[in-house]
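Peer 1: Below is one structure. I have some questions about it.
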Amino acid sequence: VRSAKAANGFAMVVFFLFLFLGDIFFPAEVLPESLAFVSRGLPSSLVNAGLRGVMIGGERIGAMWRELLGVGAWFALSFVLAVRLFRWE
């Protein structure tokens, strides 16, 4: 994006997509199968699944290795993209 105002608008779109598709407001099972597939890979969905498993389900943190791996992959990808694409212009 070319300006801070445009970046803010883009960030809000991404934020709301993560909220609605990320298994936060309603379960991914009520989504159509194609959207549910996408939803399962979003970082918000992975964090939610990990938190629910540990806090509600009584799972150990080690049992949430898939969620931790997924969030770590999102972090690494985001970090690499930020380093390559960010410019102070």
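Each chain in the structure tokens gets a letter, A, B and so on, in the order shown; residues start at 1 in every chain, and ligands are counted from 1 in the order they appear.
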Would you pick out the contacts of A:Arg2 at 12 Å or less, using only C-alpha atoms, so that residues sharing its chain but fewer than 3 positions from it are not included, and give the list as a PDB file with N, CA and C atoms, in the first residue's frame?

Peer 2:
```
ATOM      1  N   LYS A   5      -2.917   5.660   5.575  1.00  0.00           N
ATOM      2  CA  LYS A   5      -4.383   5.573   5.567  1.00  0.00           C
ATOM      3  C   LYS A   5      -4.837   4.320   4.808  1.00  0.00           C
ATOM      4  N   ALA A   6      -4.208   4.048   3.681  1.00  0.00           N
ATOM      5  CA  ALA A   6      -4.552   2.851   2.908  1.00  0.00           C
ATOM      6  C   ALA A   6      -4.162   1.588   3.666  1.00  0.00           C
ATOM      7  N   ALA A   7      -3.034   1.626   4.367  1.00  0.00           N
ATOM      8  CA  ALA A   7      -2.606   0.468   5.157  1.00  0.00           C
ATOM      9  C   ALA A   7      -3.604   0.185   6.271  1.00  0.00           C
ATOM     10  N   ASN A   8      -4.136   1.229   6.882  1.00  0.00           N
ATOM     11  CA  ASN A   8      -5.116   1.047   7.950  1.00  0.00           C
ATOM     12  C   ASN A   8      -6.381   0.389   7.405  1.00  0.00           C
ATOM     13  N   GLY A   9      -6.843   0.833   6.261  1.00  0.00           N
ATOM     14  CA  GLY A   9      -8.024   0.214   5.656  1.00  0.00           C
ATOM     15  C   GLY A   9      -7.788  -1.235   5.288  1.00  0.00           C
ATOM     16  N   PHE A  10      -6.626  -1.532   4.725  1.00  0.00           N
ATOM     17  CA  PHE A  10      -6.285  -2.907   4.372  1.00  0.00           C
ATOM     18  C   PHE A  10      -6.207  -3.785   5.622  1.00  0.00           C
ATOM     19  N   LEU A  85       9.382  -6.696   1.781  1.00  0.00           N
ATOM     20  CA  LEU A  85       8.490  -5.743   1.135  1.00  0.00           C
ATOM     21  C   LEU A  85       8.429  -4.369   1.803  1.00  0.00           C
ATOM     22  N   PHE A  86       8.799  -4.260   3.062  1.00  0.00           N
ATOM     23  CA  PHE A  86       8.658  -2.993   3.769  1.00  0.00           C
ATOM     24  C   PHE A  86       9.719  -1.982   3.321  1.00  0.00           C
ATOM     25  N   ARG A  87       9.245  -0.762   3.082  1.00  0.00           N
ATOM     26  CA  ARG A  87      10.147   0.336   2.715  1.00  0.00           C
ATOM     27  C   ARG A  87       9.742   1.577   3.489  1.00  0.00           C
ATOM     28  N   TRP A  88      10.705   2.396   3.876  1.00  0.00           N
ATOM     29  CA  TRP A  88      10.465   3.623   4.632  1.00  0.00           C
ATOM     30  C   TRP A  88      10.184   4.803   3.689  1.00  0.00           C
ATOM     31  N   GLU A  89       9.434   4.649   2.684  1.00  0.00           N
ATOM     32  CA  GLU A  89       9.201   5.725   1.720  1.00  0.00           C
ATOM     33  C   GLU A  89       7.856   6.359   1.902  1.00  0.00           C
TER      34      GLU A  89
END
```

Peer 1: What's around A:Trp74 at 9 Å? Count only C-alpha atoms, leave out sequence neighbours fewer than 5 positions away in its own chain, and write the answer as a list in words.

Peer 2: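 Neighbouring residues, sequence-local ones excluded: Leu42, Pro43, Leu69 and Phe79 of chain A.
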
Peer 1: Hey, what does DSSP flag as helix (DSSP H, G or I) within stretch 34-71 of chain A? Can you give it to me as number ranges by chain?

Peer 2: A: 34-39, 43-56, 61-71

Peer 1: For C-alpha atoms, I'd like the residues from the last selection saved as a short mmCIF file (atom, residue, chain, number, x, y, z; two decimals), in the first residue's frame.

Peer 2:
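Output below, filename result_30.cif:
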```cif
data_model
loop_
_atom_site.label_atom_id
_atom_site.label_comp_id
_atom_site.auth_asym_id
_atom_site.auth_seq_id
_atom_site.Cartn_x
_atom_site.Cartn_y
_atom_site.Cartn_z
CA SER A 34 -14.51 -24.42 0.81
CA LEU A 35 -14.50 -21.61 3.40
CA ALA A 36 -14.14 -24.06 6.28
CA PHE A 37 -11.00 -25.44 4.62
CA VAL A 38 -9.52 -21.93 4.41
CA SER A 39 -10.68 -21.15 7.95
CA PRO A 43 -3.71 -17.99 12.39
CA SER A 44 -6.72 -16.81 14.39
CA SER A 45 -8.32 -20.23 14.01
CA LEU A 46 -5.11 -21.99 15.04
CA VAL A 47 -4.68 -19.80 18.12
CA ASN A 48 -8.33 -20.33 19.05
CA ALA A 49 -8.05 -24.10 18.71
CA GLY A 50 -4.92 -24.12 20.87
CA LEU A 51 -6.45 -21.94 23.56
CA ARG A 52 -9.67 -23.95 23.64
CA GLY A 53 -7.75 -27.20 23.88
CA VAL A 54 -5.59 -26.02 26.77
CA MET A 55 -8.06 -23.87 28.70
CA ILE A 56 -11.33 -25.71 28.15
CA ILE A 61 0.51 -27.49 25.63
CA GLY A 62 2.54 -30.22 23.92
CA ALA A 63 -0.66 -31.77 22.57
CA MET A 64 -1.27 -28.57 20.62
CA TRP A 65 1.85 -29.00 18.48
CA ARG A 66 -0.03 -28.67 15.19
CA GLU A 67 -1.50 -25.35 16.21
CA LEU A 68 1.87 -24.12 17.50
CA LEU A 69 3.56 -25.22 14.28
CA GLY A 70 0.91 -23.48 12.18
CA VAL A 71 1.19 -20.21 14.09
#
```

Peer 1: Measure the distance from atom CA of A:Gly58 to atom CA of A:Phe26 in Å and round it to one decimal.

Peer 2: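 A separation of 21.5 Å between them.
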